[in-house]
Protein chains: 2
Amino acid sequence: MSDRLIYMPLGGAGEIGMNAYVYGYGAPGKERLIVVDLGVTFPDMDSTPGVDLIFPDITWLKERRNQIESIFITHAHEDHVGAVGHLWSELGAPVFARPFTAHLARMKMEDHGHSPRNVKTVMKWPETVDVGPFKVGFAPISHSIPESSALVIDTPDGRVLHSGDFKIDTDPGVGEPFDRDMFKDIAKNGIKALVCDSTNVFSMHPGRSEATLKASIAELIAEAPAMVVATTFASNVARLRTLAEAATSSGRSICLMGRAMRKMVQAALETGVLDDFPSVVSSDEAQEIPRQNLMLLCTGSQGERRAATAQLANGKFQGISLKEGDMVLFSSSTIPGNERDVIRIMNQFSEQGVDVVTDRMGDYHVSGHANRPDLMEMHKIIEPQMVIPMHGEHRHLREHAKIAENAGYASLICVNGMMLDLSGNRPKVTEYVETGRMYLDGSTQIGALDGVIRDRLRMALYGHVIVTVILDEEDEMIGEPWCEVRGLPEMGSSNTPLVDALEEDLSQFIGRADHKTITSDDKLEEAIKRIARQTCQTEIGKKPEVSIVISRLM
Amino acid sequence: MSDRLIYMPLGGAGEIGMNAYVYGYGAPGKERLIVVDLGVTFPDMDSTPGVDLIFPDITWLKERRNQIESIFITHAHEDHVGAVGHLWSELGAPVFARPFTAHLARMKMEDHGHSPRNVKTVMKWPETVDVGPFKVGFAPISHSIPESSALVIDTPDGRVLHSGDFKIDTDPGVGEPFDRDMFKDIAKNGIKALVCDSTNVFSMHPGRSEATLKASIAELIAEAPAMVVATTFASNVARLRTLAEAATSSGRSICLMGRAMRKMVQAALETGVLDDFPSVVSSDEAQEIPRQNLMLLCTGSQGERRAATAQLANGKFQGISLKEGDMVLFSSSTIPGNERDVIRIMNQFSEQGVDVVTDRMGDYHVSGHANRPDLMEMHKIIEPQMVIPMHGEHRHLREHAKIAENAGYASLICVNGMMLDLSGNRPKVTEYVETGRMYLDGSTQIGALDGVIRDRLRMALYGHVIVTVILDEEDEMIGEPWCEVRGLPEMGSSNTPLVDALEEDLSQFIGRADHKTITSDDKLEEAIKRIARQTCQTEIGKKPEVSIVISRLM
């Protein structure tokens with residue numbers, strides 16, 4: 001069979017998070033592969049309680065480890081680079097990125113005991129890297145973190161442009177402005193496929209530039225009567241600079257609070273992304289500075305419980321606490337799902353007499369993703385044969401594909417695990433690969449379908465009853481069944497303790513159970529479970545999880 | 001001591017939900033009391049897993065049961081009337097409401113075995129009810145449910161206006177338009193206090209009327225090529241009518257899906273709130289109707305998992321399933337905290353090829369609450385001595401109080417459990433009462449601080465280990481310790497099953513334990529717990545909850 005060009009998302013298509021895309025070229029089944037991005041998703045209480053991080057399931061890649069040429073990271077957001085340290089040893093291929101991204105990827109490698117030399121720095125387009133049948137270049141594109149890149153992927157079947165996360169911002173503050181001419185030039189001999197960010201396809205107005213925030217943020221901070229706390233994503237270095245400059249110009253010292261905040265500023269300075277940043281004070285020094293001359297720049301804009309903002313909301317962080325008249329600026333928008341945590345913090349500040357300012361109250365935040373008109377513009381700049389939407393939930397991908405088709409480009413909704421053959425004029429589905437999510441839980445990885453999380457959710461929803469029964473050599477019960485409950489009310493409707501009701505019902509049952517039941521662990525367990533759940537239903541109106549320990553003394 | 005007028009929220013002030021406000025008049029400690037609203041809050045997985053409903057803790061009222069004159073319900077939203085059935089027997093006072101609200105409150109009373117005659121119907125202002133020292137009237141005010149009312153509460157110390165939930169809508173579709181003249185008239189001899197809805201204080205633009213939706217909804221539904229599914233709060237009868245009229249005028253039959261939807265339409269017709277509603281078809285009949293001639297009106301706009309919309313998203317409801325080309329309209333906005341559930345459903349529809357339309361894409365929804373300029377207008381219409389913000393989180397109350405003070409009204413942030421003396425010219429805090437939340441959990445009520453929910457959350461976050469140890473008369477262990485795990489990975493880092501590692505470590509410990517430890521249940525449990533958690537930390541990197549059953553054979 002003849003060689004072909006394939007594309008397959010393993011994460012990031014059908015969700016926003018844990019990006020991982022695969023391109024391949026070669027004979028079917030023997031393609032040489034490159035991986036674009038290896039990101040994480042964050043857990044939540046509704047679906048993944050207790051989980052630390054979520055990765056794409058890369059089993060398919062692991063089984064083709066010797067076909068993998070290399071890994072490319074488009075930018076340093078956690079949903080693109082976050083799993084590099086965790087998963088690298090399972091892939092083993094060199095990692096390529098631009099300096100700022102590479103710097104952060106190396107730190108992640110080192111955190112996991114891998115040599116930072118496995119991360120290679122690539123300078124921006126027109127520099128390229130040859131990897132097997134591919135030639136890959138990093139074309140600078142504006143986003144909300146420095147050195148974001150679209151990947152120019154040259155293949156024997158033509159050129160693919162993988163947009164990465166992007167917006168059209170010709171004045172992004174830090175880093176290269178969006179460069180229409182460069183992209184026109186990249187596309188001038190034709191682009192086979194534009195694989196394209198879909199995040200903001202439902203935002204109908206043209207996106208705003210980072211530059212539009214400067215005046216309003218400066219004015220807000222200048223007019224604040226006392227201390228200012230500003231929070232945003234630490235990785236949004238342009239925003240950090242906007243905030244810092246506003247602070248400086250209103251005579252405020254800046255204190256960076258939260259490890260990620262200090263790490264990002266340092267990384268930006270070390271890699272030359274920032275040529276300067278106002279000098280900062282330590283939290284000890286900050287305590288000596290009059291409040292109206294101070295701005296804290298804090299992690300935790302999404303309400304993360306251990307971050308600086310949440311700790312300040314709780315009362316104190318590194319010796320600093322807020323007072324009536326201080327102001328907290330959320331220079332951010334809340335990612336869906338984080339609303340409750342963010343709102344909790346805002347109310348805690350309110351209780352301290354602190355004013356909370358959000359992007360709903362003025363021009364204090366812009367998104368890092370292209371809105372619908374900007375996506376349409378990007379299609380037009382590139383004029384690809386096909387548009388493959390990525391980086392979006394199903395509804396985003398579907399809407400993006402519709403728009404592309406309406407504009408005359410071949411398109412298709414391609415979700416995780418769907419392998420496309422891009423060799424022809426239209427994308428063609430060639431295979432469905434089993435994909436999913438892996439959970440980092442403490443120090444182990446568990447599969448999403450292992451049942452571990454299902455059990456946690458059940459215990460949380462229904463409570464847990466533990467029944468212990470001891471039987472002697474003649475299958476006679478020794479003493480009574482012993483019950484403990486966790487996460488269940490103490491008293492039942494019959495006004496006796498729930499455990500007493502359980503023990504009585506179970507005792508009666510076991511006393512009367514026939515030989516066949518009492519001699520079979522399975523039958524006995526099944527019966528105990530049924531009775532325990534029935535008793536709970538009667539006493540407290542719910543059927544809990546039941547664990548049963550039958551000890552047979554021999 | 002002289003008589004005084006007091007006000008105290010037990011729920012709804014410092015949160016959005018479970019409204020319950022108390023007014024009293026009389027000698028301190030001997031005030032005659034009225035209760036305004038008895039609502040519920042809905043649980044969530046983050047803080048209240050497994051809980052069915054959340055009520056305000058009404059202990060303070062229960063202890064003063066013989067001082068309670070009556071209960072007034074401003075309108076029939078669950079956060080105002082939802083706890084009436086559950087809590088009525090603890091208060092025992094008559095319930096007053098306007099016909100539509102009373103109709104629904106009676107159903108709730110009957111659901112809980114109370115006579116519906118305890119709910120008395122009051123017609124709208126200027127009709128009033130005399131209850132002890134109070135004279136109370138229901139002044140119609142526009143909101144998102146029929147017959148919402150502000151309460152005019154006349155007391156020996158002057159007139160209080162309790163706004164209830166409201167917006168300024170002079171063309172609300174169903175029910176009375178907002179009547180400036182009536183409120184001017186109510187206020188003409190002076191209002192002591194305006195106790196006022198704060199929900200939308202951060203919405204800066206003037207609110208829009210329900211009427212502004214008619215044209216855009218009609219156009220959207222007329223242009224839909226196939227079946228239309230529309231979802232909104234069932235209690236928003238005006239919206240139901242707008243949607244139904246749009247369907248009818250585009251030649252569609254209407255099928256009501258979800259119990260609440262049918263209940264509300266029926267209640268509105270029975271109480272005369274609606275004088276007509278287009279005839280509806282059953283779900284059986286609906287299946288015979290061409291898709292382009294059908295609209296389903298569904299419960300579940302907030303993503304509720306058992307509601308009609310979620311079931312359709314899952315595949316089928318009452319024999320009806322969606323097809324490519326159908327459209328789902330969310331004529332609603334998503335309440336913070338419900339985003340994940342709503343988004344999940346939208347993506348499920350997307351996977352079916354169904355277009356989802358939301359209020360972000362056009363004029364398909366308006367809020368039922370007064371925005372900031374409307375709140376300011378209301379202050380001006382009433383010109384009260386004081387404005388007491390209610391129905392809001394702390395940040396809403398604080399902002400509302402600021403606005404009121406800036407406009408020259410006395411104000412104050414009054415949260416749940418804070419008792420105000422309104423007798424003077426300014427509100428004065430006189431007492432703090434312990435308040436909180438009660439959880440309906442299955443068939444029992446548990447306190448928020450009982451530890452039940454804490455245990456559920458811990459099991460969900462950390463998993464659960466159960467250890468069983470049997471000791472004989474000489475305190476020798478019989479067999480080995482037996483371990484079971486729930487919600488934890490099977491394998492540990494040493495590549496042995498986690499339970500084996502636990503059993504080995506515990507066995508070793510118990511074999512070596514000294515007499516003092518082995519003979520004391522407390523000491524033994526403590527040691528076992530410590531070791532089990534330590535083993536788990538080593539093997540899987542997390543410290544689970546541990547339940548220990550020690551059986552001593554005698």
# chains A, B, ... in the order shown; residues from 1 in each chain; ligands from 1
>>> residues_around(residues="range 251-268 of chain B", least_positions_apart="4", cutoff="6 Å", atoms="only C-alpha atoms", output="list in words")
Ala234, Ser235, Ala247, Val273, Leu274, Val280, Val281, Ser282, Asn293, Leu294, Met295, Leu296, Leu297, Cys298, Thr299 and Ala308 of chain B
>>> closest_atom_pairs(of="chain A", to="chain B", cutoff="6 Å", atoms="only C-alpha atoms", output="CSV")
residue,atom,partner,partner_atom,distance
A:Met45,CA,B:Asp46,CA,5.5
A:Asp46,CA,B:Met45,CA,5.5
A:Pro49,CA,B:Leu461,CA,5.2
A:Gly50,CA,B:Leu461,CA,3.8
A:Pro336,CA,B:Glu339,CA,6.0
A:Gly337,CA,B:Arg340,CA,5.6
A:Glu339,CA,B:Pro336,CA,6.0
A:Arg340,CA,B:Gly337,CA,5.6
A:Asn347,CA,B:Arg395,CA,5.3
A:Ser350,CA,B:Arg395,CA,5.1
A:His394,CA,B:Asn347,CA,5.5
A:Arg395,CA,B:Ser350,CA,5.2
A:Gly442,CA,B:Gly541,CA,4.3
A:Ser443,CA,B:Gly541,CA,4.5
A:Thr444,CA,B:Ile540,CA,5.6
A:Val452,CA,B:Gly487,CA,4.4
A:Ile453,CA,B:Gly487,CA,5.9
A:Asp455,CA,B:Gly487,CA,4.9
A:Arg456,CA,B:Ala460,CA,4.4
A:Leu457,CA,B:Ala460,CA,6.0
A:Ala460,CA,B:Arg456,CA,4.4
A:Leu461,CA,B:Gly50,CA,3.8
A:Tyr462,CA,B:Gly50,CA,5.9
A:Gly487,CA,B:Val452,CA,4.4
A:Leu488,CA,B:Val452,CA,5.6
A:Ile540,CA,B:Ser443,CA,5.2
A:Gly541,CA,B:Gly442,CA,4.3
A:Lys542,CA,B:Gly442,CA,5.2
>>> write_last_selection(atoms="N, CA and C atoms", output="mmCIF file, in the first residue's frame")
data_model
loop_
_atom_site.group_PDB
_atom_site.id
_atom_site.type_symbol
_atom_site.label_atom_id
_atom_site.label_comp_id
_atom_site.auth_asym_id
_atom_site.auth_seq_id
_atom_site.Cartn_x
_atom_site.Cartn_y
_atom_site.Cartn_z
ATOM 1 N N MET A 45 -14.552 17.543 41.528
ATOM 2 C CA MET A 45 -15.231 16.721 42.529
ATOM 3 C C MET A 45 -16.384 15.919 41.909
ATOM 4 N N ASP A 46 -17.016 16.469 40.888
ATOM 5 C CA ASP A 46 -18.169 15.795 40.293
ATOM 6 C C ASP A 46 -17.813 14.469 39.653
ATOM 7 N N PRO A 49 -13.121 12.803 41.980
ATOM 8 C CA PRO A 49 -12.686 13.204 43.326
ATOM 9 C C PRO A 49 -11.376 12.528 43.717
ATOM 10 N N GLY A 50 -10.504 13.283 44.328
ATOM 11 C CA GLY A 50 -9.253 12.732 44.846
ATOM 12 C C GLY A 50 -8.160 12.590 43.810
ATOM 13 N N PRO A 336 -15.262 27.552 32.836
ATOM 14 C CA PRO A 336 -16.483 26.859 33.279
ATOM 15 C C PRO A 336 -16.156 25.683 34.200
ATOM 16 N N GLY A 337 -16.841 25.612 35.300
ATOM 17 C CA GLY A 337 -16.565 24.570 36.287
ATOM 18 C C GLY A 337 -15.867 25.143 37.513
ATOM 19 N N GLU A 339 -16.498 28.220 38.693
ATOM 20 C CA GLU A 339 -17.291 29.346 39.205
ATOM 21 C C GLU A 339 -17.462 29.309 40.721
ATOM 22 N N ARG A 340 -17.817 28.140 41.246
ATOM 23 C CA ARG A 340 -18.085 28.072 42.688
ATOM 24 C C ARG A 340 -16.869 28.464 43.510
ATOM 25 N N ASN A 347 -16.528 36.250 47.802
ATOM 26 C CA ASN A 347 -17.338 36.546 48.987
ATOM 27 C C ASN A 347 -16.490 36.647 50.246
ATOM 28 N N SER A 350 -15.174 40.026 50.162
ATOM 29 C CA SER A 350 -16.256 40.947 50.491
ATOM 30 C C SER A 350 -16.452 41.028 52.007
ATOM 31 N N HIS A 394 -17.106 18.931 21.785
ATOM 32 C CA HIS A 394 -17.759 18.501 20.547
ATOM 33 C C HIS A 394 -18.522 19.645 19.892
ATOM 34 N N ARG A 395 -19.245 20.422 20.723
ATOM 35 C CA ARG A 395 -20.044 21.513 20.148
ATOM 36 C C ARG A 395 -19.180 22.551 19.451
ATOM 37 N N GLY A 442 -2.446 10.241 43.638
ATOM 38 C CA GLY A 442 -1.305 10.049 44.528
ATOM 39 C C GLY A 442 -0.101 9.749 43.646
ATOM 40 N N SER A 443 0.520 8.611 43.888
ATOM 41 C CA SER A 443 1.707 8.282 43.093
ATOM 42 C C SER A 443 1.425 7.234 42.024
ATOM 43 N N THR A 444 0.193 6.801 41.872
ATOM 44 C CA THR A 444 -0.091 5.766 40.874
ATOM 45 C C THR A 444 -0.968 6.299 39.752
ATOM 46 N N VAL A 452 -12.244 2.547 40.416
ATOM 47 C CA VAL A 452 -11.785 3.206 41.646
ATOM 48 C C VAL A 452 -12.592 4.480 41.895
ATOM 49 N N ILE A 453 -12.716 5.280 40.855
ATOM 50 C CA ILE A 453 -13.428 6.549 41.006
ATOM 51 C C ILE A 453 -14.921 6.305 41.187
ATOM 52 N N ASP A 455 -16.248 3.867 42.755
ATOM 53 C CA ASP A 455 -16.439 3.536 44.171
ATOM 54 C C ASP A 455 -16.374 4.780 45.055
ATOM 55 N N ARG A 456 -15.465 5.691 44.739
ATOM 56 C CA ARG A 456 -15.375 6.932 45.542
ATOM 57 C C ARG A 456 -16.655 7.741 45.437
ATOM 58 N N LEU A 457 -17.150 7.849 44.204
ATOM 59 C CA LEU A 457 -18.376 8.622 44.008
ATOM 60 C C LEU A 457 -19.544 7.967 44.739
ATOM 61 N N ALA A 460 -19.368 8.653 48.367
ATOM 62 C CA ALA A 460 -19.716 10.052 48.636
ATOM 63 C C ALA A 460 -21.219 10.278 48.529
ATOM 64 N N LEU A 461 -21.859 9.610 47.605
ATOM 65 C CA LEU A 461 -23.286 9.841 47.393
ATOM 66 C C LEU A 461 -24.151 9.049 48.369
ATOM 67 N N TYR A 462 -23.705 7.832 48.684
ATOM 68 C CA TYR A 462 -24.603 6.937 49.418
ATOM 69 C C TYR A 462 -24.096 6.557 50.804
ATOM 70 N N GLY A 487 -20.206 8.271 56.825
ATOM 71 C CA GLY A 487 -20.934 9.147 55.904
ATOM 72 C C GLY A 487 -22.425 8.892 55.921
ATOM 73 N N LEU A 488 -22.923 8.415 57.043
ATOM 74 C CA LEU A 488 -24.366 8.178 57.175
ATOM 75 C C LEU A 488 -24.836 8.743 58.503
ATOM 76 N N ILE A 540 -33.202 5.311 57.000
ATOM 77 C CA ILE A 540 -32.697 6.637 56.618
ATOM 78 C C ILE A 540 -33.024 7.000 55.172
ATOM 79 N N GLY A 541 -33.744 6.126 54.494
ATOM 80 C CA GLY A 541 -34.198 6.485 53.145
ATOM 81 C C GLY A 541 -33.112 6.490 52.104
ATOM 82 N N LYS A 542 -32.015 5.773 52.341
ATOM 83 C CA LYS A 542 -31.045 5.631 51.257
ATOM 84 C C LYS A 542 -30.313 4.302 51.343
#
>>> select_by_dssp(residues="range 156-304 of chain A", states="helix (DSSP H, G or I)", output="ChimeraX atom specification")
/A:180-186,210-223,237-249,259-270,283-286,291-293
>>> residues_around(residues="Asn406 in chain B", least_positions_apart="6", cutoff="12 Å", atoms="only C-alpha atoms", output="list in words")
Met376, His379, Val387, Glu399 and His400 of chain B
>>> residues_around(residues="Phe277 in chain B", least_positions_apart="5", cutoff="9 Å", atoms="only C-alpha atoms", output="VMD selection string")
chain B and resid 241 244 to 245 265 269
>>> residues_around(residues="range 83-94 of chain B", least_positions_apart="3", cutoff="8 Å", atoms="only C-alpha atoms", output="JSON, numbers by chain")
{"B": [38, 39, 40, 55, 61, 62, 65, 68, 69, 70, 71, 78, 80, 105, 108, 109, 110, 111, 112, 114, 118, 119, 120]}
>>> atom_distance(atom1="CA of Gln508 in chain B", atom2="CA of Ile528 in chain B")
11.0 Å
>>> atom_distance(atom1="CA of Thr496 in chain A", atom2="CA of Gly511 in chain A")
21.3 Å
>>> atom_distance(atom1="CA of Pro172 in chain A", atom2="CA of Ala76 in chain A")
16.7 Å
>>> select_by_dssp(residues="range 264-410 of chain A", states="strand (DSSP E)", output="PyMOL selection string")
chain A and resi 294-298+327-330+355-357+384-390+392-393+410
>>> write_last_selection(atoms="N, CA and C atoms", output="short mmCIF file (atom, residue, chain, number, x, y, z; two decimals), in the first residue's frame")
data_model
loop_
_atom_site.label_atom_id
_atom_site.label_comp_id
_atom_site.auth_asym_id
_atom_site.auth_seq_id
_atom_site.Cartn_x
_atom_site.Cartn_y
_atom_site.Cartn_z
N LEU A 294 1.54 49.61 47.21
CA LEU A 294 1.84 48.20 47.06
C LEU A 294 0.84 47.51 46.15
N MET A 295 1.35 46.64 45.30
CA MET A 295 0.47 45.73 44.57
C MET A 295 1.01 44.32 44.70
N LEU A 296 0.13 43.39 45.10
CA LEU A 296 0.49 41.98 45.11
C LEU A 296 0.03 41.37 43.79
N LEU A 297 0.92 40.60 43.17
CA LEU A 297 0.58 39.92 41.93
C LEU A 297 0.50 38.43 42.28
N CYS A 298 -0.70 37.89 42.22
CA CYS A 298 -0.96 36.60 42.87
C CYS A 298 -1.40 35.51 41.91
N MET A 327 -8.28 46.43 47.32
CA MET A 327 -8.99 46.02 46.12
C MET A 327 -8.35 44.77 45.53
N VAL A 328 -9.18 43.85 45.08
CA VAL A 328 -8.68 42.66 44.40
C VAL A 328 -9.18 42.68 42.96
N LEU A 329 -8.26 42.61 42.02
CA LEU A 329 -8.62 42.58 40.59
C LEU A 329 -8.44 41.18 40.04
N PHE A 330 -9.51 40.60 39.56
CA PHE A 330 -9.42 39.36 38.80
C PHE A 330 -9.23 39.73 37.33
N ASP A 355 -12.93 45.37 48.03
CA ASP A 355 -13.64 45.46 46.75
C ASP A 355 -13.06 44.48 45.76
N VAL A 356 -13.92 43.75 45.12
CA VAL A 356 -13.49 42.81 44.09
C VAL A 356 -13.89 43.35 42.73
N VAL A 357 -12.92 43.42 41.83
CA VAL A 357 -13.19 43.91 40.48
C VAL A 357 -12.96 42.76 39.51
N PRO A 384 -6.69 26.84 3.23
CA PRO A 384 -6.25 25.45 3.16
C PRO A 384 -7.23 24.61 2.33
N GLN A 385 -6.79 23.41 1.95
CA GLN A 385 -7.72 22.47 1.33
C GLN A 385 -8.79 22.06 2.33
N MET A 386 -8.33 21.81 3.55
CA MET A 386 -9.28 21.36 4.56
C MET A 386 -9.00 22.03 5.90
N VAL A 387 -10.08 22.21 6.68
CA VAL A 387 -9.96 22.73 8.04
C VAL A 387 -10.36 21.60 8.99
N ILE A 388 -9.44 21.22 9.86
CA ILE A 388 -9.76 20.20 10.86
C ILE A 388 -9.82 20.90 12.22
N PRO A 389 -11.02 21.08 12.76
CA PRO A 389 -11.13 21.75 14.06
C PRO A 389 -10.54 20.89 15.18
N MET A 390 -9.84 21.54 16.08
CA MET A 390 -9.32 20.85 17.27
C MET A 390 -9.51 21.80 18.46
N GLY A 392 -11.34 21.84 21.36
CA GLY A 392 -12.70 22.25 21.66
C GLY A 392 -13.52 21.06 22.08
N GLU A 393 -14.62 21.37 22.78
CA GLU A 393 -15.60 20.33 23.05
C GLU A 393 -16.29 19.97 21.74
N ALA A 410 -13.11 21.87 2.84
CA ALA A 410 -13.48 20.54 3.31
C ALA A 410 -13.26 20.51 4.82
#
>>> residues_around(residues="Val131 in chain A", least_positions_apart="4", cutoff="12 Å", atoms="only C-alpha atoms", output="count of residues only")
23
>>> decode(residues="range 434-441 of chain A", atoms="all heavy atoms", output="mmCIF file, in the first residue's frame")
data_model
loop_
_atom_site.group_PDB
_atom_site.id
_atom_site.type_symbol
_atom_site.label_atom_id
_atom_site.label_comp_id
_atom_site.auth_asym_id
_atom_site.auth_seq_id
_atom_site.Cartn_x
_atom_site.Cartn_y
_atom_site.Cartn_z
ATOM 1 N N GLU A 434 -8.966 3.099 20.367
ATOM 2 C CA GLU A 434 -9.510 3.262 21.709
ATOM 3 C C GLU A 434 -8.678 4.279 22.487
ATOM 4 O O GLU A 434 -7.462 4.116 22.602
ATOM 5 C CB GLU A 434 -9.510 1.917 22.433
ATOM 6 C CG GLU A 434 -10.814 1.702 23.176
ATOM 7 C CD GLU A 434 -10.924 0.291 23.696
ATOM 8 O OE1 GLU A 434 -11.189 -0.624 22.882
ATOM 9 O OE2 GLU A 434 -10.713 0.124 24.899
ATOM 10 N N THR A 435 -9.325 5.271 22.990
ATOM 11 C CA THR A 435 -8.607 6.290 23.763
ATOM 12 C C THR A 435 -9.361 6.522 25.063
ATOM 13 O O THR A 435 -10.385 5.912 25.313
ATOM 14 C CB THR A 435 -8.540 7.632 23.017
ATOM 15 O OG1 THR A 435 -9.868 8.016 22.689
ATOM 16 C CG2 THR A 435 -7.697 7.519 21.784
ATOM 17 N N GLY A 436 -8.856 7.411 25.844
ATOM 18 C CA GLY A 436 -9.532 7.694 27.102
ATOM 19 C C GLY A 436 -8.631 8.526 27.972
ATOM 20 O O GLY A 436 -7.777 9.260 27.485
ATOM 21 N N ARG A 437 -8.863 8.392 29.263
ATOM 22 C CA ARG A 437 -8.124 9.212 30.209
ATOM 23 C C ARG A 437 -7.429 8.334 31.227
ATOM 24 O O ARG A 437 -7.931 7.285 31.599
ATOM 25 C CB ARG A 437 -9.101 10.140 30.941
ATOM 26 C CG ARG A 437 -9.834 11.049 29.996
ATOM 27 C CD ARG A 437 -10.877 11.877 30.718
ATOM 28 N NE ARG A 437 -11.053 13.120 29.978
ATOM 29 C CZ ARG A 437 -11.378 14.280 30.500
ATOM 30 N NH1 ARG A 437 -11.595 14.388 31.795
ATOM 31 N NH2 ARG A 437 -11.488 15.359 29.765
ATOM 32 N N MET A 438 -6.264 8.779 31.637
ATOM 33 C CA MET A 438 -5.565 8.139 32.748
ATOM 34 C C MET A 438 -5.548 9.141 33.896
ATOM 35 O O MET A 438 -5.389 10.337 33.672
ATOM 36 C CB MET A 438 -4.131 7.799 32.350
ATOM 37 C CG MET A 438 -4.013 6.682 31.319
ATOM 38 S SD MET A 438 -4.629 5.095 31.928
ATOM 39 C CE MET A 438 -3.481 4.790 33.270
ATOM 40 N N TYR A 439 -5.701 8.631 35.098
ATOM 41 C CA TYR A 439 -5.693 9.512 36.259
ATOM 42 C C TYR A 439 -4.405 9.330 37.047
ATOM 43 O O TYR A 439 -4.034 8.198 37.374
ATOM 44 C CB TYR A 439 -6.864 9.186 37.186
ATOM 45 C CG TYR A 439 -8.228 9.356 36.564
ATOM 46 C CD1 TYR A 439 -9.296 8.566 36.982
ATOM 47 C CD2 TYR A 439 -8.463 10.313 35.575
ATOM 48 C CE1 TYR A 439 -10.556 8.723 36.433
ATOM 49 C CE2 TYR A 439 -9.716 10.472 35.022
ATOM 50 C CZ TYR A 439 -10.773 9.669 35.454
ATOM 51 O OH TYR A 439 -12.020 9.831 34.917
ATOM 52 N N LEU A 440 -3.761 10.429 37.356
ATOM 53 C CA LEU A 440 -2.693 10.375 38.349
ATOM 54 C C LEU A 440 -3.365 10.542 39.705
ATOM 55 O O LEU A 440 -4.027 11.549 39.981
ATOM 56 C CB LEU A 440 -1.673 11.500 38.129
ATOM 57 C CG LEU A 440 -0.571 11.540 39.191
ATOM 58 C CD1 LEU A 440 0.359 10.333 39.067
ATOM 59 C CD2 LEU A 440 0.234 12.835 39.098
ATOM 60 N N ASP A 441 -3.188 9.518 40.551
ATOM 61 C CA ASP A 441 -3.882 9.501 41.833
ATOM 62 C C ASP A 441 -2.835 9.216 42.895
ATOM 63 O O ASP A 441 -2.388 8.075 43.032
ATOM 64 C CB ASP A 441 -4.946 8.402 41.794
ATOM 65 C CG ASP A 441 -5.844 8.437 43.020
ATOM 66 O OD1 ASP A 441 -6.581 9.423 43.164
ATOM 67 O OD2 ASP A 441 -5.778 7.497 43.828
#
